[in-house]
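Right, one structure below, let's go through it.
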Amino acid sequence: MSTITPAALQSERPPIIPNSFNANQPATIRLYPLSNYTFGVKETQPEEDPSVIARLDRLNDHYEKHGMRRTCEGILVCHEHNHPHILMLQIANAFFKLPGDYLHPEDEEIEGFKKRLDERLAPVGSLGEGNKAADWEVGDCLAQWWRPNTETFMYPFVPAHITRPKECKKLYLIQLPETKVLSVPKNMKLLAVPLFELYDNTQRYGPQLSAIPHLLSRYNFEFVNDDGEVVAQTSTAGQEGYVPRTRVLAGGNEDVDMKTDEDQKWDEMKTEANGDH
C-alpha cells in the first residue's frame, strides 16, 4: 500500500499494488492541517481541588450521593507535515490531560460531554457569532478506564474482586471539522503532541495518554493540505528532514523539540563529519 495518493505518484517505476488488505476496516479518518485551526485564550478556570487528597475526597462524596462518576475525554486529531498530532491540555507545566471532564449526574452522556468540551475549548462569545453550542462530532468510544477504589490508579479493566467501581472514564474520538476556533483557559496550555512522542512514553504522559497510538492504529488516515487536497494516506506518511515536535498552540510561546539525546548526538557527529571533508 502506498502512503501517497495515486494522483501524486510521479515515479517512472510506480510501486506494485498488492491485493486489498482492508477487510473489516473502520472508516478512514480525514485529518486537516494544524494551520487550518485558530487558537486563543480565555478566562482562567481554576482547578476544583487544591490537592490530590481533596480530589479523592470529592470523588468519594460524589459516589455516596450519585454512584459511580462518569468521565468523558476527547481525542482530537489533526496533522502537521502528514504526521498525526493529538490536541491536549497541559496544567502547571507538568500535568497533561485530554479535553473533557466528569459529567454532571443529571446529564445524558453525549450531550453532557459536548457541554464539557465547550467549557474547555469553546471561545467566549463565539455562540453569538453564528457558531452553535455543543458543535462537536463525537465518534467511536476508543477506550474505557476504571477506578476501582478511591485512589489515583485507573485500569483498562475492572479487577475481578471489584463490584462497584468508583469511576469510569471513556475516551472518545472527536472528528475535527476542516476549520474551527478553539480557546484554552489562561492557566492551561493547549498542545499538539505527535503520536510518536506519546508512544511507549508512560514515564512522561502516563498509561492512558501513551496508549493513544495503540487506540488509533485501527484507523487509516487521509492527510489534507491547505488547499483541501488529499496528499498522503495512512498514518505512516512523513516529510523527509522534518522532526515532529510538540506545538504550543495557546497559553505559551515555546515549542518543545522532540529530538532525543541520541538524535542530537547523531546530528553533531554528522555535522563534524561533513566539516572534515
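To be explicit about the labels: the chains of the C-alpha cells are called A, B, and onward in the order shown, and within each one the residues are counted from 1, while ligands get numbers from 1 in the order they are shown.
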
| task | Enumerate, as a count of residues only, the complete set of residues in segment 60-214 of chain A that a backbone-based DSSP assignment places in strand (DSSP E). | result | 60

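Residues lying within 9 Å of Arg30 of chain A, counting only C-alpha atoms and ignoring same-chain neighbours fewer than 5 positions away, are A:Cys78, A:Gln175, A:Leu176, A:Asn220, A:Phe221, A:Glu222, A:Phe223, A:Val224, A:Val230.
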
Export, as a PDB file, in the first residue's frame, the selected residues with N, CA and C atoms.
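Listing of again_29.pdb after writing:
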ATOM      1  N   CYS A  78      -5.324  16.140  14.486  1.00  0.00           N
ATOM      2  CA  CYS A  78      -5.053  16.893  13.267  1.00  0.00           C
ATOM      3  C   CYS A  78      -3.691  16.414  12.764  1.00  0.00           C
ATOM      4  N   GLN A 175     -13.992  13.887  15.750  1.00  0.00           N
ATOM      5  CA  GLN A 175     -13.659  14.218  14.363  1.00  0.00           C
ATOM      6  C   GLN A 175     -13.679  15.734  14.194  1.00  0.00           C
ATOM      7  N   LEU A 176     -12.504  16.328  14.022  1.00  0.00           N
ATOM      8  CA  LEU A 176     -12.425  17.777  13.851  1.00  0.00           C
ATOM      9  C   LEU A 176     -12.886  18.172  12.455  1.00  0.00           C
ATOM     10  N   ASN A 220      -7.178   4.069   9.255  1.00  0.00           N
ATOM     11  CA  ASN A 220      -6.345   4.645   8.209  1.00  0.00           C
ATOM     12  C   ASN A 220      -6.650   6.133   8.153  1.00  0.00           C
ATOM     13  N   PHE A 221      -5.654   6.937   7.837  1.00  0.00           N
ATOM     14  CA  PHE A 221      -5.821   8.380   7.791  1.00  0.00           C
ATOM     15  C   PHE A 221      -5.620   8.901   6.375  1.00  0.00           C
ATOM     16  N   GLU A 222      -6.348   9.956   6.055  1.00  0.00           N
ATOM     17  CA  GLU A 222      -6.097  10.754   4.860  1.00  0.00           C
ATOM     18  C   GLU A 222      -5.626  12.125   5.310  1.00  0.00           C
ATOM     19  N   PHE A 223      -4.502  12.567   4.781  1.00  0.00           N
ATOM     20  CA  PHE A 223      -3.919  13.843   5.175  1.00  0.00           C
ATOM     21  C   PHE A 223      -4.225  14.890   4.106  1.00  0.00           C
ATOM     22  N   VAL A 224      -4.888  15.960   4.519  1.00  0.00           N
ATOM     23  CA  VAL A 224      -5.326  17.005   3.600  1.00  0.00           C
ATOM     24  C   VAL A 224      -4.407  18.211   3.753  1.00  0.00           C
ATOM     25  N   VAL A 230      -6.134  15.781  -0.780  1.00  0.00           N
ATOM     26  CA  VAL A 230      -5.563  14.646  -0.063  1.00  0.00           C
ATOM     27  C   VAL A 230      -4.186  14.363  -0.651  1.00  0.00           C
TER      28      VAL A 230
END

| query | Which of these residues is nearest to Trp145 of chain A, using only C-alpha atoms: A:Asn225, A:Thr28, A:Thr71, A:Asn19? | reply |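 Comparing A:Asn225, A:Thr28, A:Thr71, A:Asn19 against Trp145 of chain A, the winner is A:Thr71.
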
| message | I want to know what sits within 9 Å of Leu142 of chain A, based on only C-alpha atoms, with residues of the same chain fewer than 4 positions away left out; could you give that as a list in words? | response | Ile75, Lys170, Leu171, Tyr172, Leu173, Ile212, Leu215 and Leu216 of chain A

For all heavy atoms, I'd like the residues from the last selection saved as a PDB file, in the first residue's frame.
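This is the output file part_27.pdb:
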ATOM      1  N   ILE A  75     -10.288  12.648  22.133  1.00  0.00           N
ATOM      2  CA  ILE A  75      -9.042  12.542  21.377  1.00  0.00           C
ATOM      3  C   ILE A  75      -9.241  13.314  20.086  1.00  0.00           C
ATOM      4  O   ILE A  75      -9.921  12.855  19.160  1.00  0.00           O
ATOM      5  CB  ILE A  75      -8.679  11.070  21.101  1.00  0.00           C
ATOM      6  CG1 ILE A  75      -8.472  10.321  22.421  1.00  0.00           C
ATOM      7  CG2 ILE A  75      -7.427  10.974  20.238  1.00  0.00           C
ATOM      8  CD1 ILE A  75      -8.195   8.838  22.253  1.00  0.00           C
ATOM      9  N   LYS A 170     -14.304   7.356  29.793  1.00  0.00           N
ATOM     10  CA  LYS A 170     -14.348   6.954  28.399  1.00  0.00           C
ATOM     11  C   LYS A 170     -13.557   7.946  27.554  1.00  0.00           C
ATOM     12  O   LYS A 170     -13.651   9.156  27.756  1.00  0.00           O
ATOM     13  CB  LYS A 170     -15.795   6.884  27.892  1.00  0.00           C
ATOM     14  CG  LYS A 170     -16.613   5.759  28.500  1.00  0.00           C
ATOM     15  CD  LYS A 170     -17.982   5.663  27.837  1.00  0.00           C
ATOM     16  CE  LYS A 170     -18.795   4.498  28.407  1.00  0.00           C
ATOM     17  NZ  LYS A 170     -20.110   4.380  27.731  1.00  0.00           N
ATOM     18  N   LEU A 171     -12.793   7.415  26.601  1.00  0.00           N
ATOM     19  CA  LEU A 171     -12.057   8.235  25.645  1.00  0.00           C
ATOM     20  C   LEU A 171     -12.736   8.116  24.287  1.00  0.00           C
ATOM     21  O   LEU A 171     -12.854   7.015  23.736  1.00  0.00           O
ATOM     22  CB  LEU A 171     -10.596   7.786  25.543  1.00  0.00           C
ATOM     23  CG  LEU A 171      -9.787   7.746  26.844  1.00  0.00           C
ATOM     24  CD1 LEU A 171      -8.330   7.410  26.546  1.00  0.00           C
ATOM     25  CD2 LEU A 171      -9.892   9.053  27.601  1.00  0.00           C
ATOM     26  N   TYR A 172     -13.210   9.250  23.776  1.00  0.00           N
ATOM     27  CA  TYR A 172     -13.920   9.292  22.507  1.00  0.00           C
ATOM     28  C   TYR A 172     -13.059   9.948  21.436  1.00  0.00           C
ATOM     29  O   TYR A 172     -12.353  10.925  21.695  1.00  0.00           O
ATOM     30  CB  TYR A 172     -15.213  10.099  22.636  1.00  0.00           C
ATOM     31  CG  TYR A 172     -16.374   9.354  23.256  1.00  0.00           C
ATOM     32  CD1 TYR A 172     -16.678   9.493  24.604  1.00  0.00           C
ATOM     33  CD2 TYR A 172     -17.181   8.520  22.483  1.00  0.00           C
ATOM     34  CE1 TYR A 172     -17.746   8.826  25.177  1.00  0.00           C
ATOM     35  CE2 TYR A 172     -18.259   7.847  23.041  1.00  0.00           C
ATOM     36  CZ  TYR A 172     -18.535   8.005  24.384  1.00  0.00           C
ATOM     37  OH  TYR A 172     -19.598   7.347  24.939  1.00  0.00           O
ATOM     38  N   LEU A 173     -13.152   9.416  20.210  1.00  0.00           N
ATOM     39  CA  LEU A 173     -12.535  10.081  19.069  1.00  0.00           C
ATOM     40  C   LEU A 173     -13.420  11.249  18.654  1.00  0.00           C
ATOM     41  O   LEU A 173     -14.628  11.090  18.450  1.00  0.00           O
ATOM     42  CB  LEU A 173     -12.385   9.100  17.905  1.00  0.00           C
ATOM     43  CG  LEU A 173     -11.819   9.687  16.603  1.00  0.00           C
ATOM     44  CD1 LEU A 173     -10.382  10.128  16.795  1.00  0.00           C
ATOM     45  CD2 LEU A 173     -11.921   8.673  15.473  1.00  0.00           C
ATOM     46  N   ILE A 212      -2.676   6.046  23.434  1.00  0.00           N
ATOM     47  CA  ILE A 212      -3.447   6.606  22.323  1.00  0.00           C
ATOM     48  C   ILE A 212      -2.961   6.104  20.957  1.00  0.00           C
ATOM     49  O   ILE A 212      -3.783   5.774  20.092  1.00  0.00           O
ATOM     50  CB  ILE A 212      -3.449   8.145  22.392  1.00  0.00           C
ATOM     51  CG1 ILE A 212      -4.310   8.606  23.574  1.00  0.00           C
ATOM     52  CG2 ILE A 212      -3.965   8.754  21.098  1.00  0.00           C
ATOM     53  CD1 ILE A 212      -4.325  10.097  23.792  1.00  0.00           C
ATOM     54  N   LEU A 215      -4.614   2.933  20.308  1.00  0.00           N
ATOM     55  CA  LEU A 215      -6.047   3.070  20.069  1.00  0.00           C
ATOM     56  C   LEU A 215      -6.328   3.542  18.647  1.00  0.00           C
ATOM     57  O   LEU A 215      -7.321   3.135  18.037  1.00  0.00           O
ATOM     58  CB  LEU A 215      -6.651   4.054  21.068  1.00  0.00           C
ATOM     59  CG  LEU A 215      -6.467   3.723  22.555  1.00  0.00           C
ATOM     60  CD1 LEU A 215      -7.060   4.825  23.413  1.00  0.00           C
ATOM     61  CD2 LEU A 215      -7.106   2.378  22.886  1.00  0.00           C
ATOM     62  N   LEU A 216      -5.453   4.408  18.107  1.00  0.00           N
ATOM     63  CA  LEU A 216      -5.676   4.960  16.773  1.00  0.00           C
ATOM     64  C   LEU A 216      -5.133   4.062  15.660  1.00  0.00           C
ATOM     65  O   LEU A 216      -5.375   4.333  14.486  1.00  0.00           O
ATOM     66  CB  LEU A 216      -5.022   6.340  16.666  1.00  0.00           C
ATOM     67  CG  LEU A 216      -5.629   7.439  17.542  1.00  0.00           C
ATOM     68  CD1 LEU A 216      -4.869   8.754  17.350  1.00  0.00           C
ATOM     69  CD2 LEU A 216      -7.110   7.648  17.234  1.00  0.00           C
TER      70      LEU A 216
END

For Leu209 of chain A, list every protein, DNA or RNA residue within 12 Å, evaluated using only C-alpha atoms, and leave out those in the same chain fewer than 2 positions away; present the list as a tab-separated table (two decimals) with all heavy atoms, in the first residue's frame.
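See result.tsv below for the written result:
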chain	number	residue	atom	x	y	z
A	73	GLU	N	-13.53	12.10	27.92
A	73	GLU	CA	-12.47	12.93	27.37
A	73	GLU	C	-12.35	12.67	25.89
A	73	GLU	O	-12.66	11.57	25.41
A	73	GLU	CB	-11.14	12.67	28.08
A	73	GLU	CG	-11.15	13.08	29.55
A	73	GLU	CD	-9.84	12.86	30.25
A	73	GLU	OE1	-8.96	12.17	29.68
A	73	GLU	OE2	-9.66	13.38	31.38
A	74	GLY	N	-11.89	13.69	25.15
A	74	GLY	CA	-11.86	13.60	23.70
A	74	GLY	C	-10.45	13.50	23.14
A	74	GLY	O	-9.53	14.18	23.61
A	75	ILE	N	-10.29	12.65	22.13
A	75	ILE	CA	-9.04	12.54	21.38
A	75	ILE	C	-9.24	13.31	20.09
A	75	ILE	O	-9.92	12.86	19.16
A	75	ILE	CB	-8.68	11.07	21.10
A	75	ILE	CG1	-8.47	10.32	22.42
A	75	ILE	CG2	-7.43	10.97	20.24
A	75	ILE	CD1	-8.20	8.84	22.25
A	86	ILE	N	-2.03	14.99	18.46
A	86	ILE	CA	-3.16	14.98	19.38
A	86	ILE	C	-3.21	16.30	20.14
A	86	ILE	O	-2.18	16.75	20.67
A	86	ILE	CB	-3.03	13.81	20.40
A	86	ILE	CG1	-2.81	12.48	19.67
A	86	ILE	CG2	-4.27	13.74	21.29
A	86	ILE	CD1	-3.91	12.10	18.73
A	87	LEU	N	-4.39	16.91	20.20
A	87	LEU	CA	-4.55	18.14	20.97
A	87	LEU	C	-4.82	17.77	22.42
A	87	LEU	O	-5.73	17.00	22.72
A	87	LEU	CB	-5.70	18.98	20.42
A	87	LEU	CG	-5.60	19.41	18.95
A	87	LEU	CD1	-6.75	20.37	18.61
A	87	LEU	CD2	-4.26	20.05	18.65
A	88	MET	N	-4.01	18.31	23.31
A	88	MET	CA	-4.21	18.04	24.73
A	88	MET	C	-3.83	19.26	25.56
A	88	MET	O	-3.16	20.19	25.08
A	88	MET	CB	-3.43	16.80	25.18
A	88	MET	CG	-1.94	16.91	25.10
A	88	MET	SD	-1.11	15.41	25.75
A	88	MET	CE	-1.78	14.15	24.66
A	89	LEU	N	-4.27	19.24	26.80
A	89	LEU	CA	-4.03	20.35	27.71
A	89	LEU	C	-2.87	20.04	28.63
A	89	LEU	O	-2.66	18.88	29.02
A	89	LEU	CB	-5.29	20.62	28.55
A	89	LEU	CG	-6.55	20.98	27.76
A	89	LEU	CD1	-7.77	20.97	28.68
A	89	LEU	CD2	-6.41	22.33	27.09
A	95	PHE	N	1.36	18.62	34.20
A	95	PHE	CA	0.29	17.62	34.14
A	95	PHE	C	-0.43	17.71	32.79
A	95	PHE	O	-0.88	18.77	32.38
A	95	PHE	CB	-0.71	17.86	35.28
A	95	PHE	CG	-1.87	16.92	35.29
A	95	PHE	CD1	-1.70	15.57	35.52
A	95	PHE	CD2	-3.16	17.38	35.06
A	95	PHE	CE1	-2.77	14.68	35.52
A	95	PHE	CE2	-4.23	16.53	35.07
A	95	PHE	CZ	-4.03	15.17	35.30
A	96	PHE	N	-0.52	16.58	32.09
A	96	PHE	CA	-1.16	16.53	30.78
A	96	PHE	C	-2.51	15.84	30.89
A	96	PHE	O	-2.67	14.85	31.61
A	96	PHE	CB	-0.29	15.75	29.79
A	96	PHE	CG	1.08	16.33	29.57
A	96	PHE	CD1	2.16	15.91	30.34
A	96	PHE	CD2	1.28	17.30	28.61
A	96	PHE	CE1	3.42	16.45	30.15
A	96	PHE	CE2	2.55	17.83	28.40
A	96	PHE	CZ	3.61	17.42	29.16
A	97	LYS	N	-3.50	16.35	30.14
A	97	LYS	CA	-4.80	15.70	30.11
A	97	LYS	C	-5.50	16.02	28.80
A	97	LYS	O	-5.19	17.02	28.14
A	97	LYS	CB	-5.67	16.14	31.30
A	97	LYS	CG	-6.19	17.57	31.22
A	97	LYS	CD	-6.93	17.97	32.50
A	97	LYS	CE	-8.09	17.07	32.81
A	97	LYS	NZ	-9.25	17.27	31.92
A	98	LEU	N	-6.46	15.17	28.45
A	98	LEU	CA	-7.26	15.39	27.26
A	98	LEU	C	-8.41	16.33	27.59
A	98	LEU	O	-8.87	16.40	28.74
A	98	LEU	CB	-7.81	14.06	26.74
A	98	LEU	CG	-6.78	13.05	26.23
A	98	LEU	CD1	-7.44	11.71	25.98
A	98	LEU	CD2	-6.09	13.56	24.97
A	99	PRO	N	-8.93	17.06	26.59
A	99	PRO	CA	-10.10	17.92	26.84
A	99	PRO	C	-11.31	17.08	27.26
A	99	PRO	O	-11.57	16.02	26.72
A	99	PRO	CB	-10.33	18.59	25.48
A	99	PRO	CG	-9.04	18.47	24.75
A	99	PRO	CD	-8.43	17.20	25.22
A	143	ALA	N	-11.75	3.72	24.29
A	143	ALA	CA	-11.23	3.05	25.49
A	143	ALA	C	-12.11	3.38	26.69
A	143	ALA	O	-12.78	4.42	26.73
A	143	ALA	CB	-9.78	3.48	25.77
A	145	TRP	N	-11.55	3.35	30.97
A	145	TRP	CA	-10.65	3.19	32.11
A	145	TRP	C	-11.48	3.22	33.39
A	145	TRP	O	-12.41	4.02	33.52
A	145	TRP	CB	-9.60	4.30	32.13
A	145	TRP	CG	-8.58	4.16	31.04
A	145	TRP	CD1	-8.71	4.52	29.74
A	145	TRP	CD2	-7.28	3.59	31.17
A	145	TRP	NE1	-7.57	4.22	29.03
A	145	TRP	CE2	-6.67	3.65	29.89
A	145	TRP	CE3	-6.55	3.05	32.23
A	145	TRP	CZ2	-5.38	3.18	29.65
A	145	TRP	CZ3	-5.26	2.59	31.99
A	145	TRP	CH2	-4.69	2.66	30.71
A	171	LEU	N	-12.79	7.42	26.60
A	171	LEU	CA	-12.06	8.23	25.65
A	171	LEU	C	-12.74	8.12	24.29
A	171	LEU	O	-12.85	7.02	23.74
A	171	LEU	CB	-10.60	7.79	25.54
A	171	LEU	CG	-9.79	7.75	26.84
A	171	LEU	CD1	-8.33	7.41	26.55
A	171	LEU	CD2	-9.89	9.05	27.60
A	193	VAL	N	0.59	17.31	20.23
A	193	VAL	CA	1.65	16.33	20.53
A	193	VAL	C	1.66	15.25	19.45
A	193	VAL	O	0.63	14.61	19.20
A	193	VAL	CB	1.44	15.69	21.91
A	193	VAL	CG1	2.58	14.74	22.25
A	193	VAL	CG2	1.31	16.77	22.98
A	194	PRO	N	2.79	15.02	18.77
A	194	PRO	CA	2.85	13.98	17.74
A	194	PRO	C	2.69	12.59	18.33
A	194	PRO	O	3.09	12.33	19.48
A	194	PRO	CB	4.24	14.18	17.12
A	194	PRO	CG	5.03	14.90	18.16
A	194	PRO	CD	4.07	15.75	18.92
A	195	LEU	N	2.13	11.69	17.54
A	195	LEU	CA	1.87	10.34	18.04
A	195	LEU	C	3.13	9.65	18.51
A	195	LEU	O	3.12	8.95	19.53
A	195	LEU	CB	1.22	9.49	16.94
A	195	LEU	CG	-0.30	9.59	16.74
A	195	LEU	CD1	-0.77	8.48	15.82
A	195	LEU	CD2	-1.03	9.55	18.06
A	196	PHE	N	4.24	9.83	17.77
A	196	PHE	CA	5.45	9.10	18.16
A	196	PHE	C	5.96	9.53	19.53
A	196	PHE	O	6.62	8.77	20.23
A	196	PHE	CB	6.54	9.26	17.09
A	196	PHE	CG	7.50	10.39	17.35
A	196	PHE	CD1	8.68	10.17	18.04
A	196	PHE	CD2	7.21	11.68	16.94
A	196	PHE	CE1	9.57	11.21	18.29
A	196	PHE	CE2	8.09	12.72	17.19
A	196	PHE	CZ	9.27	12.47	17.86
A	197	GLU	N	5.66	10.78	19.93
A	197	GLU	CA	6.08	11.26	21.24
A	197	GLU	C	5.30	10.58	22.35
A	197	GLU	O	5.81	10.35	23.45
A	197	GLU	CB	5.92	12.79	21.29
A	197	GLU	CG	5.95	13.40	22.68
A	197	GLU	CD	7.31	13.32	23.35
A	197	GLU	OE1	8.29	12.92	22.69
A	197	GLU	OE2	7.39	13.66	24.54
A	198	LEU	N	4.04	10.24	22.08
A	198	LEU	CA	3.21	9.57	23.08
A	198	LEU	C	3.54	8.09	23.20
A	198	LEU	O	3.47	7.52	24.30
A	198	LEU	CB	1.72	9.72	22.73
A	198	LEU	CG	1.14	11.13	22.79
A	198	LEU	CD1	-0.28	11.13	22.23
A	198	LEU	CD2	1.14	11.66	24.20
A	199	TYR	N	3.90	7.48	22.09
A	199	TYR	CA	4.06	6.03	22.06
A	199	TYR	C	5.12	5.54	23.04
A	199	TYR	O	6.25	6.03	23.05
A	199	TYR	CB	4.44	5.58	20.64
A	199	TYR	CG	4.70	4.10	20.54
A	199	TYR	CD1	3.67	3.18	20.68
A	199	TYR	CD2	5.99	3.63	20.34
A	199	TYR	CE1	3.91	1.82	20.60
A	199	TYR	CE2	6.25	2.27	20.25
A	199	TYR	CZ	5.20	1.37	20.39
A	199	TYR	OH	5.45	0.03	20.32
A	200	ASP	N	4.72	4.60	23.89
A	200	ASP	CA	5.64	3.96	24.84
A	200	ASP	C	6.33	4.98	25.74
A	200	ASP	O	7.50	4.83	26.09
A	200	ASP	CB	6.67	3.12	24.07
A	200	ASP	CG	7.35	2.10	24.98
A	200	ASP	OD1	6.73	1.70	25.99
A	200	ASP	OD2	8.49	1.69	24.69
A	201	ASN	N	5.61	6.04	26.09
A	201	ASN	CA	6.20	7.12	26.91
A	201	ASN	C	5.36	7.30	28.18
A	201	ASN	O	4.89	8.39	28.47
A	201	ASN	CB	6.26	8.41	26.10
A	201	ASN	CG	7.24	9.43	26.70
A	201	ASN	OD1	7.77	9.22	27.79
A	201	ASN	ND2	7.45	10.53	26.01
A	202	THR	N	5.18	6.21	28.91
A	202	THR	CA	4.37	6.29	30.13
A	202	THR	C	5.05	7.13	31.21
A	202	THR	O	4.37	7.70	32.06
A	202	THR	CB	4.11	4.87	30.69
A	202	THR	OG1	5.37	4.22	30.92
A	202	THR	CG2	3.29	4.05	29.73
A	203	GLN	N	6.36	7.21	31.18
A	203	GLN	CA	7.07	7.99	32.20
A	203	GLN	C	6.67	9.46	32.16
A	203	GLN	O	6.54	10.11	33.20
A	203	GLN	CB	8.57	7.84	32.01
A	203	GLN	CG	9.39	8.57	33.08
A	203	GLN	CD	10.88	8.34	32.94
A	203	GLN	OE1	11.31	7.66	32.00
A	203	GLN	NE2	11.67	8.88	33.84
A	204	ARG	N	6.43	10.00	30.96
A	204	ARG	CA	6.09	11.41	30.83
A	204	ARG	C	4.57	11.63	30.79
A	204	ARG	O	4.06	12.57	31.40
A	204	ARG	CB	6.72	11.98	29.56
A	204	ARG	CG	6.41	13.46	29.32
A	204	ARG	CD	7.20	13.99	28.13
A	204	ARG	NE	6.86	15.35	27.76
A	204	ARG	CZ	7.32	16.43	28.36
A	204	ARG	NH1	8.17	16.31	29.36
A	204	ARG	NH2	6.96	17.64	27.96
A	205	TYR	N	3.85	10.75	30.09
A	205	TYR	CA	2.43	11.01	29.84
A	205	TYR	C	1.47	10.09	30.60
A	205	TYR	O	0.26	10.32	30.59
A	205	TYR	CB	2.14	10.90	28.34
A	205	TYR	CG	2.81	11.99	27.53
A	205	TYR	CD1	3.99	11.73	26.85
A	205	TYR	CD2	2.29	13.26	27.47
A	205	TYR	CE1	4.62	12.72	26.10
A	205	TYR	CE2	2.91	14.27	26.74
A	205	TYR	CZ	4.07	13.98	26.06
A	205	TYR	OH	4.69	14.97	25.34
A	206	GLY	N	1.98	9.04	31.22
A	206	GLY	CA	1.11	8.12	31.94
A	206	GLY	C	0.51	7.08	31.01
A	206	GLY	O	0.55	7.21	29.79
A	207	PRO	N	-0.08	6.02	31.58
A	207	PRO	CA	-0.56	4.89	30.76
A	207	PRO	C	-1.73	5.24	29.85
A	207	PRO	O	-1.86	4.66	28.77
A	207	PRO	CB	-0.96	3.85	31.80
A	207	PRO	CG	-1.20	4.62	33.05
A	207	PRO	CD	-0.24	5.78	33.02
A	211	ALA	N	-1.16	5.30	25.59
A	211	ALA	CA	-1.85	4.23	24.86
A	211	ALA	C	-2.60	4.73	23.63
A	211	ALA	O	-3.09	3.93	22.84
A	211	ALA	CB	-2.85	3.53	25.80
A	212	ILE	N	-2.68	6.05	23.43
A	212	ILE	CA	-3.45	6.61	22.32
A	212	ILE	C	-2.96	6.10	20.96
A	212	ILE	O	-3.78	5.77	20.09
A	212	ILE	CB	-3.45	8.15	22.39
A	212	ILE	CG1	-4.31	8.61	23.57
A	212	ILE	CG2	-3.96	8.75	21.10
A	212	ILE	CD1	-4.32	10.10	23.79
A	213	PRO	N	-1.64	6.03	20.69
A	213	PRO	CA	-1.22	5.48	19.39
A	213	PRO	C	-1.76	4.07	19.13
A	213	PRO	O	-2.11	3.73	18.00
A	213	PRO	CB	0.31	5.49	19.48
A	213	PRO	CG	0.62	6.60	20.42
A	213	PRO	CD	-0.48	6.54	21.45
A	214	HIS	N	-1.83	3.25	20.18
A	214	HIS	CA	-2.42	1.92	20.02
A	214	HIS	C	-3.90	2.02	19.65
A	214	HIS	O	-4.39	1.28	18.78
A	214	HIS	CB	-2.29	1.13	21.32
A	214	HIS	CG	-0.87	0.88	21.75
A	214	HIS	ND1	-0.11	-0.15	21.26
A	214	HIS	CD2	-0.07	1.53	22.63
A	214	HIS	CE1	1.10	-0.13	21.81
A	214	HIS	NE2	1.14	0.88	22.65
A	215	LEU	N	-4.61	2.93	20.31
A	215	LEU	CA	-6.05	3.07	20.07
A	215	LEU	C	-6.33	3.54	18.65
A	215	LEU	O	-7.32	3.13	18.04
A	215	LEU	CB	-6.65	4.05	21.07
A	215	LEU	CG	-6.47	3.72	22.56
A	215	LEU	CD1	-7.06	4.82	23.41
A	215	LEU	CD2	-7.11	2.38	22.89
A	216	LEU	N	-5.45	4.41	18.11
A	216	LEU	CA	-5.68	4.96	16.77
A	216	LEU	C	-5.13	4.06	15.66
A	216	LEU	O	-5.37	4.33	14.49
A	216	LEU	CB	-5.02	6.34	16.67
A	216	LEU	CG	-5.63	7.44	17.54
A	216	LEU	CD1	-4.87	8.75	17.35
A	216	LEU	CD2	-7.11	7.65	17.23

| message | List the spatial neighbours of Ala134 of chain A as a PyMOL selection string - criterion: any atom at most 12 Å away, only C-alpha atoms, same-chain residues fewer than 6 positions off excluded. | response | chain A and resi 110-123+126-127

| request: From a DSSP pass on the backbone, collect the residues of segment 34-110 of chain A flagged as alpha helix (DSSP H) and hand them back as a list in words. | output: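 Checking each residue of segment 34-110 of chain A, the alpha helix (DSSP H) ones are Val52, Ile53, Ala54, Arg55, Leu56, Asp57, Arg58, Leu59, Asn60, Asp61, His62, Tyr63, Glu64, Lys65, His66, Glu109 and Ile110 of chain A.
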
| Which one is closest to Asn22 of chain A: A:Glu229, A:Glu109, A:Tyr219, A:Met154? Count only C-alpha atoms. |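 Using only C-alpha atoms, Asn22 of chain A sits closest to A:Tyr219.
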
| request: Return the single residue from A:Ile16, A:Val77, A:Ile174, A:Ile29 that is closest to Gly100 of chain A, with distances computed using only C-alpha atoms. | output: A:Ile174

| request: Can you pull out every residue within 12 Å of His62 of chain A, counting only C-alpha atoms, but drop anything in the same chain fewer than 5 positions away, and send it as a VMD selection string? | output: chain A and resid 55 to 57 67 to 70 102 to 105 150 166 to 167

| message | Please determine, counting only C-alpha atoms, which residue among A:Gly125, A:Pro148, A:Pro84, A:Pro15 has the shortest atom-to-atom distance to Arg245 of chain A. | response | A:Pro84

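The residue that comes closest to Val248 of chain A, out of A:Thr152, A:Asn82, A:Asn93, A:Asn60 and on the basis of only C-alpha atoms, is A:Asn93.
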
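For the pair atom CA of Asp107 of chain A and atom CA of Glu43 of chain A, the interatomic distance is 24.5 Å.
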
| 10 Å contact set for segment 45-52 of chain A, only C-alpha atoms, chain neighbours under 6 positions out, as a list in words |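 What passes the distance filter is Arg58, Ile91, Glu119, Arg120, Glu151, Thr152, Val184, Pro185, Lys186, Asn187 and Met188 of chain A.
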
Just-selected residues, N, CA and C atoms written as a CSV table (one decimal), in the first residue's frame:
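Once written, result_27.csv looks like this:
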chain,number,residue,atom,x,y,z
A,58,ARG,N,-13.5,14.4,47.2
A,58,ARG,CA,-14.7,14.8,46.4
A,58,ARG,C,-15.3,13.7,45.6
A,91,ILE,N,-1.3,21.4,32.3
A,91,ILE,CA,-1.7,22.2,33.5
A,91,ILE,C,-0.4,22.3,34.4
A,119,GLU,N,-17.0,24.0,27.6
A,119,GLU,CA,-16.4,24.7,28.7
A,119,GLU,C,-14.9,24.8,28.6
A,120,ARG,N,-14.2,23.8,28.1
A,120,ARG,CA,-12.8,23.8,28.0
A,120,ARG,C,-12.3,24.5,26.8
A,151,GLU,N,-8.8,6.0,44.8
A,151,GLU,CA,-7.3,6.1,44.7
A,151,GLU,C,-7.0,6.7,43.4
A,152,THR,N,-5.7,6.9,43.2
A,152,THR,CA,-5.3,7.6,41.9
A,152,THR,C,-5.2,6.6,40.8
A,184,VAL,N,-8.4,28.2,25.0
A,184,VAL,CA,-8.0,27.5,26.2
A,184,VAL,C,-7.9,28.4,27.4
A,185,PRO,N,-8.3,28.0,28.6
A,185,PRO,CA,-8.2,28.9,29.8
A,185,PRO,C,-6.7,29.3,30.0
A,186,LYS,N,-6.6,30.5,30.5
A,186,LYS,CA,-5.2,31.2,30.7
A,186,LYS,C,-4.3,30.3,31.5
A,187,ASN,N,-4.8,29.6,32.5
A,187,ASN,CA,-3.9,28.8,33.3
A,187,ASN,C,-3.6,27.4,32.7
A,188,MET,N,-3.9,27.2,31.5
A,188,MET,CA,-3.6,25.9,30.8
A,188,MET,C,-2.9,26.2,29.5
